[in-house]
>>> print(open('protein.cif').read())   # mmCIF, C-alpha atoms and all ligand atoms
data_run
#
loop_
_atom_site.label_atom_id
_atom_site.label_comp_id
_atom_site.auth_asym_id
_atom_site.auth_seq_id
_atom_site.Cartn_x
_atom_site.Cartn_y
_atom_site.Cartn_z
CA MET C 5 142.61 116.03 148.68
CA VAL C 6 141.10 119.41 147.85
CA ASN C 7 138.76 119.38 144.83
CA LYS C 8 140.32 121.93 142.54
CA GLN C 9 137.54 123.02 140.20
CA LEU C 10 138.54 123.14 136.56
CA LEU C 11 137.15 125.61 134.06
CA PRO C 12 134.79 123.96 131.53
CA GLU C 13 137.40 124.42 128.80
CA GLU C 14 139.94 122.49 130.89
CA ILE C 15 137.46 119.63 131.35
CA ILE C 16 136.87 119.62 127.58
CA ARG C 17 140.64 119.71 126.94
CA ARG C 18 141.21 116.68 129.19
CA LYS C 19 138.56 114.68 127.35
CA ARG C 20 139.82 115.89 123.98
CA ASP C 21 143.26 114.59 124.96
CA ASN C 22 141.81 111.22 125.91
CA GLN C 23 142.27 111.55 129.66
CA SER C 24 139.61 110.21 131.94
CA LEU C 25 137.50 112.69 133.86
CA THR C 26 137.11 112.48 137.62
CA ASN C 27 133.64 112.28 139.14
CA ASP C 28 134.01 115.86 140.39
CA GLN C 29 134.92 117.15 136.94
CA ILE C 30 131.87 115.46 135.40
CA GLN C 31 129.67 116.79 138.20
CA ASP C 32 131.01 120.33 137.72
CA PHE C 33 130.40 120.22 133.98
CA ILE C 34 126.79 119.01 134.38
CA ASP C 35 126.17 121.57 137.15
CA GLY C 36 127.36 124.21 134.70
CA VAL C 37 124.99 122.91 132.01
CA VAL C 38 122.02 123.50 134.31
CA SER C 39 123.19 126.76 135.88
CA GLY C 40 124.01 128.20 132.45
CA SER C 41 127.70 128.82 133.21
CA VAL C 42 128.60 126.28 130.51
CA THR C 43 127.79 127.63 127.03
CA ASP C 44 126.17 125.77 124.11
CA GLY C 45 129.55 125.93 122.35
CA GLN C 46 131.19 124.18 125.30
CA ILE C 47 128.47 121.51 125.38
CA ALA C 48 129.09 120.94 121.65
CA ALA C 49 132.86 120.71 122.13
CA PHE C 50 132.48 118.40 125.14
CA SER C 51 130.09 116.14 123.21
CA MET C 52 132.45 115.99 120.25
CA ALA C 53 135.36 115.16 122.57
CA VAL C 54 133.33 112.31 124.10
CA PHE C 55 132.22 111.22 120.63
CA PHE C 56 135.86 110.71 119.60
CA GLN C 57 137.50 109.72 122.89
CA HIS C 58 134.67 107.78 124.55
CA MET C 59 133.96 107.42 128.27
CA ASP C 60 134.45 104.31 130.37
CA VAL C 61 131.63 102.80 132.44
CA ARG C 62 132.59 104.75 135.56
CA GLU C 63 132.59 108.09 133.74
CA CYS C 64 129.35 107.27 131.93
CA SER C 65 127.67 106.19 135.19
CA LYS C 66 128.74 109.40 136.88
CA MET C 67 127.47 111.48 133.95
CA THR C 68 124.14 109.60 133.97
CA LEU C 69 123.59 110.10 137.71
CA ALA C 70 124.70 113.73 137.62
CA MET C 71 122.19 114.34 134.79
CA ARG C 72 119.44 112.41 136.59
CA ASP C 73 119.96 114.51 139.70
CA THR C 74 119.57 117.82 137.87
CA GLY C 75 115.80 117.43 138.38
CA ASN C 76 113.23 115.51 140.39
CA VAL C 77 113.54 111.79 140.91
CA LEU C 78 110.07 110.28 141.22
CA ARG C 79 109.18 108.48 144.43
CA TRP C 80 106.39 105.92 144.48
CA ASP C 81 104.40 105.18 147.62
CA ARG C 82 104.96 101.41 147.61
CA SER C 83 102.05 100.77 149.94
CA ARG C 84 99.76 101.70 147.03
CA PHE C 85 101.40 99.45 144.41
CA ASN C 86 101.23 95.68 144.47
CA GLY C 87 103.54 95.09 141.54
CA PRO C 88 106.92 96.19 140.19
CA ILE C 89 107.36 99.57 138.51
CA VAL C 90 108.93 98.96 135.12
CA ASP C 91 109.56 100.58 131.78
CA LYS C 92 110.55 99.87 128.20
CA HIS C 93 112.52 102.22 125.99
CA SER C 94 113.60 102.17 122.38
CA SER C 95 116.68 103.88 121.05
CA GLY C 96 114.56 105.12 118.13
CA GLY C 97 113.49 103.98 114.70
CA VAL C 98 110.84 104.09 111.98
CA GLY C 99 107.38 102.56 112.42
CA ASP C 100 108.19 101.64 116.01
CA CYS C 101 104.88 101.88 117.86
CA VAL C 102 105.69 99.08 120.34
CA SER C 103 105.25 101.27 123.45
CA LEU C 104 101.60 101.95 122.66
CA MET C 105 100.84 98.24 122.94
CA LEU C 106 103.42 97.02 125.41
CA ALA C 107 102.61 99.51 128.20
CA PRO C 108 98.96 98.36 128.57
CA MET C 109 99.96 94.71 128.07
CA LEU C 110 102.50 94.88 130.91
CA ALA C 111 99.99 96.70 133.09
CA SER C 112 97.52 93.87 132.44
CA CYS C 113 100.17 91.41 133.66
CA GLY C 114 100.49 93.15 137.04
CA ALA C 115 103.29 95.65 136.41
CA TYR C 116 103.06 99.43 136.70
CA VAL C 117 104.42 101.34 133.74
CA PRO C 118 105.25 105.04 134.10
CA MET C 119 106.45 105.71 130.57
CA ILE C 120 108.02 109.06 129.84
CA SER C 121 108.43 109.34 126.10
CA GLY C 122 110.01 111.68 123.66
CA ARG C 123 109.07 113.47 120.46
CA GLY C 124 110.46 112.34 117.14
CA LEU C 125 114.18 112.93 116.65
CA GLY C 126 115.58 113.45 113.17
CA HIS C 127 114.17 110.71 110.93
CA SER C 128 112.90 108.61 113.85
CA GLY C 129 109.37 108.81 115.20
CA GLY C 130 108.42 109.52 118.82
CA THR C 131 105.70 107.92 120.93
CA LEU C 132 104.60 111.35 122.11
CA ASP C 133 103.93 112.57 118.58
CA LYS C 134 101.89 109.44 117.91
CA LEU C 135 99.76 110.07 121.01
CA SER C 136 99.31 113.72 120.04
CA SER C 137 97.09 112.48 117.20
CA ILE C 138 94.44 111.63 119.84
CA PRO C 139 92.35 114.75 120.51
CA GLY C 140 92.48 115.95 124.11
CA TYR C 141 95.27 113.58 125.18
CA LEU C 142 97.25 115.34 127.91
CA PHE C 143 100.72 114.22 126.96
CA ARG C 144 102.11 117.13 128.99
CA SER C 145 100.44 115.92 132.16
CA ASP C 146 101.79 117.19 135.46
CA ILE C 147 103.75 114.71 137.54
CA ASP C 148 101.06 114.26 140.24
CA HIS C 149 98.38 113.38 137.72
CA PHE C 150 100.81 111.13 135.85
CA GLN C 151 101.57 109.18 139.03
CA LYS C 152 97.85 108.97 139.85
CA VAL C 153 97.07 107.49 136.41
CA VAL C 154 99.87 104.93 136.78
CA GLU C 155 98.42 103.93 140.16
CA THR C 156 94.83 103.70 138.89
CA VAL C 157 95.24 102.27 135.38
CA GLY C 158 98.63 100.56 135.64
CA CYS C 159 100.23 102.58 132.86
CA ALA C 160 100.55 106.12 131.62
CA ILE C 161 102.53 107.45 128.68
CA VAL C 162 103.36 111.14 128.87
CA GLY C 163 105.99 113.53 127.59
CA GLN C 164 109.29 114.48 129.08
CA SER C 165 108.70 116.98 131.87
CA ALA C 166 111.06 119.90 132.30
CA SER C 167 111.43 118.82 135.92
CA LEU C 168 112.97 115.44 135.04
CA ALA C 169 116.66 115.39 134.05
CA PRO C 170 116.63 118.93 132.59
CA ALA C 171 120.35 118.70 131.76
CA ASP C 172 119.50 116.15 129.07
CA GLY C 173 117.09 118.53 127.33
CA ARG C 174 119.86 121.11 126.94
CA ILE C 175 122.64 118.69 126.02
CA TYR C 176 120.42 116.78 123.60
CA SER C 177 119.32 119.86 121.70
CA VAL C 178 122.99 120.77 121.14
CA ARG C 179 123.93 117.19 120.14
CA ASP C 180 121.03 117.06 117.70
CA VAL C 181 122.53 119.89 115.62
CA THR C 182 126.25 119.10 116.06
CA ALA C 183 126.47 115.55 114.71
CA THR C 184 127.13 114.12 118.17
CA VAL C 185 124.03 111.96 118.67
CA GLU C 186 125.67 108.67 117.68
CA SER C 187 127.90 108.21 120.70
CA VAL C 188 127.46 105.19 123.01
CA PRO C 189 128.22 106.99 126.32
CA LEU C 190 126.20 110.08 125.37
CA ILE C 191 123.15 108.03 124.27
CA THR C 192 123.43 105.92 127.44
CA ALA C 193 123.57 108.94 129.75
CA SER C 194 120.78 110.68 127.86
CA ILE C 195 118.36 107.74 127.93
CA LEU C 196 119.17 106.49 131.42
CA SER C 197 119.17 109.88 133.15
CA LYS C 198 115.49 110.19 132.18
CA LYS C 199 114.58 106.56 132.88
CA LEU C 200 116.29 106.54 136.30
CA ALA C 201 114.51 109.80 137.17
CA ALA C 202 111.21 107.91 136.86
CA GLY C 203 112.15 105.77 139.89
CA ILE C 204 111.64 102.39 138.15
CA ASP C 205 112.53 98.90 139.42
CA ALA C 206 113.46 97.30 136.08
CA LEU C 207 113.93 98.29 132.45
CA VAL C 208 113.94 96.62 129.06
CA MET C 209 115.75 98.44 126.27
CA ASP C 210 115.13 97.98 122.58
CA VAL C 211 118.38 98.98 120.92
CA LYS C 212 117.71 99.35 117.23
CA THR C 213 120.32 98.55 114.65
CA GLY C 214 120.40 99.04 110.91
CA ASN C 215 119.99 101.81 108.38
CA GLY C 216 117.03 103.37 110.22
CA ALA C 217 118.71 103.42 113.64
CA PHE C 218 121.21 105.70 115.39
CA ALA C 219 123.40 102.61 115.87
CA ASP C 220 123.72 101.56 112.24
CA THR C 221 126.03 98.60 112.83
CA THR C 222 125.23 95.60 115.01
CA LYS C 223 128.63 96.09 116.68
CA MET C 224 127.72 99.58 117.85
CA ALA C 225 124.24 98.44 118.91
CA ILE C 226 125.71 95.64 121.04
CA GLU C 227 128.17 98.07 122.58
CA LEU C 228 125.29 100.43 123.39
CA ALA C 229 123.13 97.59 124.69
CA ASP C 230 125.91 96.36 127.01
CA ASN C 231 126.75 99.84 128.21
CA ILE C 232 123.11 100.52 129.10
CA VAL C 233 122.84 97.19 130.98
CA GLN C 234 126.02 97.97 132.96
CA VAL C 235 125.27 101.61 133.77
CA ALA C 236 121.63 100.94 134.73
CA GLY C 237 122.76 97.95 136.82
CA LEU C 238 125.28 100.09 138.71
CA ALA C 239 122.44 102.53 139.42
CA GLY C 240 120.41 99.66 140.92
CA VAL C 241 117.96 99.15 138.03
CA PRO C 242 118.23 95.64 136.54
CA THR C 243 118.06 95.99 132.76
CA VAL C 244 117.95 93.72 129.73
CA SER C 245 118.75 95.10 126.28
CA LEU C 246 117.46 93.54 123.09
CA VAL C 247 119.21 94.41 119.86
CA THR C 248 116.56 94.47 117.13
CA ASP C 249 116.50 95.10 113.42
CA MET C 250 115.85 98.52 111.91
CA ASN C 251 116.90 97.73 108.34
CA GLN C 252 113.22 98.20 107.52
CA PRO C 253 110.35 99.90 109.33
CA LEU C 254 109.05 97.76 112.19
CA ALA C 255 105.32 98.21 111.60
CA SER C 256 103.74 98.29 108.16
CA SER C 257 103.03 102.01 108.61
CA ALA C 258 105.16 105.00 109.52
CA GLY C 259 103.39 108.18 110.58
CA ASN C 260 101.71 109.23 113.78
CA ALA C 261 97.97 108.53 113.43
CA LEU C 262 98.71 105.64 111.06
CA GLU C 263 100.79 103.92 113.74
CA VAL C 264 98.11 104.56 116.36
CA VAL C 265 95.64 102.75 114.09
CA GLU C 266 98.09 99.87 113.82
CA ALA C 267 98.42 99.76 117.63
CA VAL C 268 94.66 99.83 118.17
CA ARG C 269 94.13 97.01 115.69
CA TYR C 270 96.79 94.91 117.45
CA LEU C 271 95.28 95.59 120.87
CA LYS C 272 91.80 94.69 119.59
CA ASN C 273 93.18 91.47 118.13
CA GLU C 274 92.12 92.54 114.62
CA LYS C 275 95.52 92.61 112.94
CA CYS C 276 98.74 91.12 114.18
CA ASP C 277 101.79 92.17 112.19
CA PRO C 278 104.27 89.31 112.75
CA ARG C 279 107.38 91.51 113.08
CA LEU C 280 105.72 93.89 115.50
CA ASP C 281 104.34 90.95 117.47
CA GLU C 282 107.74 89.28 117.72
CA VAL C 283 109.40 92.39 119.13
CA ILE C 284 106.54 93.13 121.56
CA LEU C 285 106.56 89.58 122.94
CA ALA C 286 110.34 89.41 123.16
CA LEU C 287 110.66 92.72 125.02
CA GLY C 288 107.64 92.06 127.23
CA SER C 289 108.63 88.54 128.21
CA GLU C 290 112.21 89.53 129.06
CA LEU C 291 110.89 92.31 131.28
CA LEU C 292 108.28 90.14 133.03
CA VAL C 293 111.00 87.63 133.94
CA LEU C 294 113.46 90.35 134.95
CA CYS C 295 111.01 92.01 137.34
CA GLY C 296 109.93 88.68 138.81
CA LEU C 297 106.31 88.57 137.61
CA GLU C 298 107.14 85.35 135.72
CA THR C 299 109.94 82.84 136.02
CA GLU C 300 109.98 81.42 132.48
CA ARG C 301 109.91 83.34 129.22
CA VAL C 302 107.41 80.90 127.64
CA ASP C 303 104.95 81.56 130.45
CA ALA C 304 105.53 85.30 130.15
CA ILE C 305 104.73 85.11 126.44
CA LYS C 306 101.50 83.23 127.18
CA LEU C 307 100.53 85.82 129.75
CA LEU C 308 101.19 88.66 127.32
CA LYS C 309 99.24 86.99 124.51
CA ASN C 310 96.38 86.47 126.88
CA THR C 311 96.12 90.20 127.59
CA ILE C 312 95.25 90.63 123.91
CA ALA C 313 92.97 87.61 123.63
CA ASP C 314 90.89 88.57 126.68
CA GLY C 315 90.73 92.28 125.82
CA MET C 316 92.49 93.38 129.03
CA ALA C 317 95.26 95.32 127.26
CA ALA C 318 92.74 97.11 125.03
CA GLU C 319 90.74 98.05 128.11
CA ARG C 320 93.82 99.45 129.89
CA PHE C 321 94.78 101.44 126.81
CA SER C 322 91.26 102.84 126.60
CA LYS C 323 91.30 103.81 130.29
CA MET C 324 94.73 105.40 130.00
CA ILE C 325 93.51 107.60 127.15
CA ALA C 326 90.36 108.59 129.03
CA PHE C 327 92.25 109.36 132.25
CA LEU C 328 94.68 111.48 130.28
CA GLY C 329 91.96 113.61 128.73
CA GLY C 330 91.24 111.73 125.48
CA PRO C 331 87.88 110.40 124.24
CA HIS C 332 86.25 107.62 126.30
CA ASP C 333 85.35 105.65 123.19
CA PHE C 334 88.64 106.11 121.35
CA ILE C 335 89.48 102.43 121.12
CA GLU C 336 86.01 101.60 119.76
CA LYS C 337 86.01 104.34 117.14
CA PRO C 338 89.56 105.53 116.45
CA GLN C 339 88.63 106.70 112.94
CA LYS C 340 86.11 109.13 114.42
CA TYR C 341 88.93 110.95 116.19
CA LEU C 342 92.08 110.52 114.12
CA GLN C 343 92.78 112.93 111.28
CA ASP C 344 92.79 111.33 107.85
CA ALA C 345 95.12 112.89 105.26
CA PRO C 346 93.14 114.14 102.24
CA ILE C 347 95.50 112.79 99.55
CA LYS C 348 96.45 109.14 99.08
CA LEU C 349 98.94 108.10 96.44
CA SER C 350 100.03 104.57 95.78
CA VAL C 351 103.68 103.86 94.99
CA LYS C 352 104.04 100.89 92.67
CA SER C 353 106.99 98.82 91.72
CA GLU C 354 108.38 99.39 88.25
CA HIS C 355 110.29 96.10 88.21
CA MET C 356 109.90 92.45 88.87
CA GLY C 357 111.95 90.80 91.60
CA THR C 358 112.40 90.73 95.36
CA VAL C 359 112.41 93.68 97.74
CA SER C 360 116.06 93.30 98.58
CA ASP C 361 116.88 96.46 100.52
CA ILE C 362 114.99 99.36 102.05
CA ASP C 363 116.44 102.77 102.87
CA THR C 364 114.69 103.04 106.23
CA ARG C 365 116.20 106.37 107.18
CA LEU C 366 114.95 107.86 103.90
CA LEU C 367 111.43 106.56 104.58
CA GLY C 368 111.58 108.23 108.02
CA LEU C 369 112.75 111.48 106.43
CA ILE C 370 109.91 111.31 103.88
CA VAL C 371 107.42 111.17 106.77
CA VAL C 372 109.16 114.21 108.29
CA GLU C 373 108.99 116.09 104.97
CA LEU C 374 105.31 115.25 104.56
CA GLY C 375 104.85 117.13 107.85
CA GLY C 376 104.79 114.16 110.22
CA GLY C 377 108.03 115.22 111.95
CA ARG C 378 109.95 118.40 112.62
CA LEU C 379 112.64 120.16 110.64
CA ARG C 380 113.02 122.68 113.51
CA PRO C 381 112.22 122.02 117.18
CA GLN C 382 109.36 124.57 117.20
CA ASP C 383 107.59 123.08 114.14
CA GLU C 384 104.00 121.84 114.48
CA ILE C 385 103.45 118.35 113.11
CA ASP C 386 100.60 117.00 111.01
CA THR C 387 99.62 113.70 112.61
CA SER C 388 97.59 112.47 109.63
CA VAL C 389 100.42 112.11 107.11
CA GLY C 390 102.82 109.24 106.53
CA LEU C 391 103.20 105.92 104.76
CA SER C 392 101.15 102.75 105.08
CA HIS C 393 101.03 99.33 103.40
CA LEU C 394 104.83 99.25 103.35
CA ALA C 395 106.36 96.32 101.51
CA ARG C 396 108.83 94.17 103.41
CA ILE C 397 112.30 92.91 102.59
CA GLY C 398 111.83 89.57 100.86
CA ASP C 399 108.44 90.43 99.29
CA LYS C 400 108.14 89.30 95.69
CA VAL C 401 106.93 92.04 93.38
CA VAL C 402 105.99 92.48 89.72
CA PRO C 403 105.46 95.78 87.88
CA ASN C 404 102.52 97.57 89.54
CA THR C 405 102.72 95.80 92.90
CA GLN C 406 102.12 98.40 95.62
CA LEU C 407 105.24 99.21 97.67
CA ALA C 408 103.63 101.84 99.87
CA LEU C 409 100.65 104.18 100.17
CA ILE C 410 101.48 107.84 100.72
CA HIS C 411 99.15 109.88 102.96
CA ALA C 412 99.70 113.58 102.28
CA LYS C 413 98.18 117.00 102.82
CA THR C 414 98.51 118.10 99.19
CA SER C 415 98.93 116.43 95.81
CA GLN C 416 102.21 118.28 95.33
CA GLU C 417 103.65 116.91 98.57
CA ALA C 418 102.45 113.43 97.62
CA GLU C 419 104.11 113.73 94.19
CA GLU C 420 107.36 114.94 95.78
CA ALA C 421 107.36 111.98 98.15
CA HIS C 422 106.51 109.50 95.37
CA GLN C 423 109.93 109.41 93.70
CA LYS C 424 111.75 109.23 97.02
CA VAL C 425 109.61 106.33 98.24
CA LEU C 426 110.32 104.51 95.00
CA GLU C 427 114.04 105.10 95.51
CA SER C 428 113.83 103.74 99.08
CA PHE C 429 112.97 100.28 97.79
CA ARG C 430 115.64 98.31 95.99
CA ILE C 431 114.21 95.55 93.86
CA GLY C 432 116.76 92.88 93.03
CA GLU C 433 117.33 89.20 92.88
CA LYS C 434 118.35 88.53 96.43
CA ILE C 435 118.29 90.03 99.91
CA TYR C 436 121.38 92.14 100.60
CA LYS C 437 120.76 92.99 104.24
CA GLU C 438 120.64 91.08 107.49
CA VAL C 439 116.93 90.75 108.26
CA LYS C 440 116.92 88.69 111.46
CA LEU C 441 114.63 90.63 113.77
CA ILE C 442 116.01 89.89 117.25
CA ARG C 443 119.77 90.09 116.83
CA ASP C 444 120.87 89.71 120.40
CA ILE C 445 119.74 89.78 124.02
CA ARG C 446 122.23 91.38 126.42
CA LYS C 447 121.98 90.86 130.15
CA ALA C 448 124.15 91.47 133.18
CA ALA C 449 126.92 88.91 133.47
N1 LIG C 501 117.18 108.92 122.61
C1 LIG C 501 117.52 109.71 123.66
O1 LIG C 501 116.71 109.99 124.53
N2 LIG C 501 118.79 110.16 123.71
C2 LIG C 501 119.71 109.87 122.78
O2 LIG C 501 120.83 110.32 122.91
C3 LIG C 501 119.34 109.06 121.68
C4 LIG C 501 118.06 108.57 121.62
#
>>> encode(input="protein.cif", output="structure tokens")
Amino acid sequence: MVNKQLLPEEIIRRKRDNQSLTNDQIQDFIDGVVSGSVTDGQIAAFSMAVFFQHMDVRECSKMTLAMRDTGNVLRWDRSRFNGPIVDKHSSGGVGDCVSLMLAPMLASCGAYVPMISGRGLGHSGGTLDKLSSIPGYLFRSDIDHFQKVVETVGCAIVGQSASLAPADGRIYSVRDVTATVESVPLITASILSKKLAAGIDALVMDVKTGNGAFADTTKMAIELADNIVQVAGLAGVPTVSLVTDMNQPLASSAGNALEVVEAVRYLKNEKCDPRLDEVILALGSELLVLCGLETERVDAIKLLKNTIADGMAAERFSKMIAFLGGPHDFIEKPQKYLQDAPIKLSVKSEHMGTVSDIDTRLLGLIVVELGGGRLRPQDEIDTSVGLSHLARIGDKVVPNTQLALIHAKTSQEAEEAHQKVLESFRIGEKIYKEVKLIRDIRKAA
């Protein structure tokens, strides 16, 4: 049969009318995204059509692979690696600094972790912005150096390179401003095109659910988790997805340098936040079993805990920073290098009761407004600002109990944030939200 090429508007019309797209039609559309023959308006219309009409696993797989192949796909010289090449990715949330700890922990267990991370999106933070609080850190490292650091240290966390899955960069920037982010097939193709371009052997996904996540219902998160497992599996990358809670920030801080401090303290075994710890160990142990470095989850958990107890993970983190241009003594003296916001303002409860609900998205937006995230893509961020000492759902409070500490550049910005932080915490008599941290673990059938 001759492949009759459709105009982009015809491809959009088919999807709009709930017809499935052939592999060639998807390929042509993605080719047009990269060549520039498809306009931003057409990307927006296509994304909205997919948002409403969905894509089945075949269409989503084709879109993912077509997007992956718009750039380089990393090759690893296996003779130089004596362990599996793996990665972890989160669908995005508030106070989620897991990658900073898990990458060096996995590397200490014998895996290699080439982690390509993103900047913050909307209200959610990004690993790259957190690392940008470390002076000198080359988060825009070139691919050769990145691969060298992975080989030498075992892990490297860098930013998205324009040479990996460039179609996603263009499609994502249109989705971001056209209310088309929250679509299962589009999120799957976006995340996996980049992850598959890194040439990994296995992946663990942290699909966040709740009022601080893109998937606000558990139903949508499970659908996303399953879709990612299926599409990655069809592409030859075994994947496990965990569905985890984002009805409150994961760490007790939200803000770039503040989360780096939290990560350093965890790695140095100085402070172990139980929620953060639970997610790190769950993700890490699933991945160690999936990639064959361990056979039982309990043993994997022991191995991971050991990397903290014996200082191995802290050492890897320190080396990664040094190899990527940061200070050699960063882990010993993080406060010497991280910017500290000049203004601190405590937010105190006005009532007595239980922290019964937290508007997590609002807390994320407050960090953005303080300057810790971007309102426009070209904005510079201030890594020092954010929120720390965040109260948790279920905490008992009386008038004057601290709910959060604001870190701001100016008193005015701190005052503006104060009322909003107060409004983010609902003090009541009972807990209104589901708080179970690990909601589900989704694997290939
Ligand atoms: N993260 C991504 O990289 N893409 C999405 O679509 C959503 C979250």
>>> residues_near_point(input="protein.cif", point="(113.9, 96.7, 109.4)", cutoff="12 Å", atoms="only C-alpha atoms", output="NGL selection string")
:C and (97-100 or 212-217 or 220 or 247-256 or 279-280 or 283 or 360-365 or 367-368 or 394-398 or 437-443)
>>> closest_residue(input="protein.cif", among="C:Asp281, C:Asp180, C:Glu300, C:Asp383", to="ligand LIG 501 (chain C)", atoms="only C-alpha atoms and all ligand atoms")
C:Asp180
>>> residues_near_ligand(input="protein.cif", ligand="ligand LIG 501 (chain C)", cutoff="7 Å", atoms="only C-alpha atoms and all ligand atoms", output="list of chain:residue names")
C:Ser95, C:Gly96, C:Gly122, C:Tyr176, C:Val185, C:Leu190, C:Ile191, C:Thr192, C:Ser194, C:Ile195
>>> residues_around(input="protein.cif", residues="Glu417 (chain C)", least_positions_apart="5", cutoff="10 Å", atoms="all atoms listed in the file", output="list in words")
Ile347, Ile370, Glu373, Leu374, Gly375, Ile410, His411, Ala412 and His422 of chain C
>>> write_last_selection(input="protein.cif", atoms="C-alpha atoms", output="PDB file, in the coordinates of the input")
ATOM      1  CA  ILE C 347      95.500 112.790  99.550  1.00  0.00           C
ATOM      2  CA  ILE C 370     109.910 111.310 103.880  1.00  0.00           C
ATOM      3  CA  GLU C 373     108.990 116.090 104.970  1.00  0.00           C
ATOM      4  CA  LEU C 374     105.310 115.250 104.560  1.00  0.00           C
ATOM      5  CA  GLY C 375     104.850 117.130 107.850  1.00  0.00           C
ATOM      6  CA  ILE C 410     101.480 107.840 100.720  1.00  0.00           C
ATOM      7  CA  HIS C 411      99.150 109.880 102.960  1.00  0.00           C
ATOM      8  CA  ALA C 412      99.700 113.580 102.280  1.00  0.00           C
ATOM      9  CA  HIS C 422     106.510 109.500  95.370  1.00  0.00           C
TER      10      HIS C 422
END
>>> atom_distance(input="protein.cif", atom1="CA of Thr184 (chain C)", atom2="CA of Val42 (chain C)")
17.4 Å
>>> closest_residue(input="protein.cif", among="C:Met71, C:Leu349, C:Val372, C:Ile335", to="Gln416 (chain C)", atoms="only C-alpha atoms")
C:Leu349
>>> atom_distance(input="protein.cif", atom1="CA of Leu228 (chain C)", atom2="CA of Val188 (chain C)")
5.2 Å
>>> closest_residue(input="protein.cif", among="C:Cys295, C:Lys400, C:Gln339, C:Thr358", to="Tyr436 (chain C)", atoms="all atoms listed in the file")
C:Thr358
>>> closest_residue(input="protein.cif", among="C:Ile138, C:Val244, C:Ala53, C:Ala261", to="Gly288 (chain C)", atoms="all atoms listed in the file")
C:Val244
>>> atom_distance(input="protein.cif", atom1="CA of Val208 (chain C)", atom2="CA of Ser65 (chain C)")
17.8 Å
>>> residues_near_point(input="protein.cif", point="(101.5, 99.0, 93.9)", cutoff="7 Å", atoms="all atoms listed in the file", output="number ranges by chain")
C: 350-353, 404-408
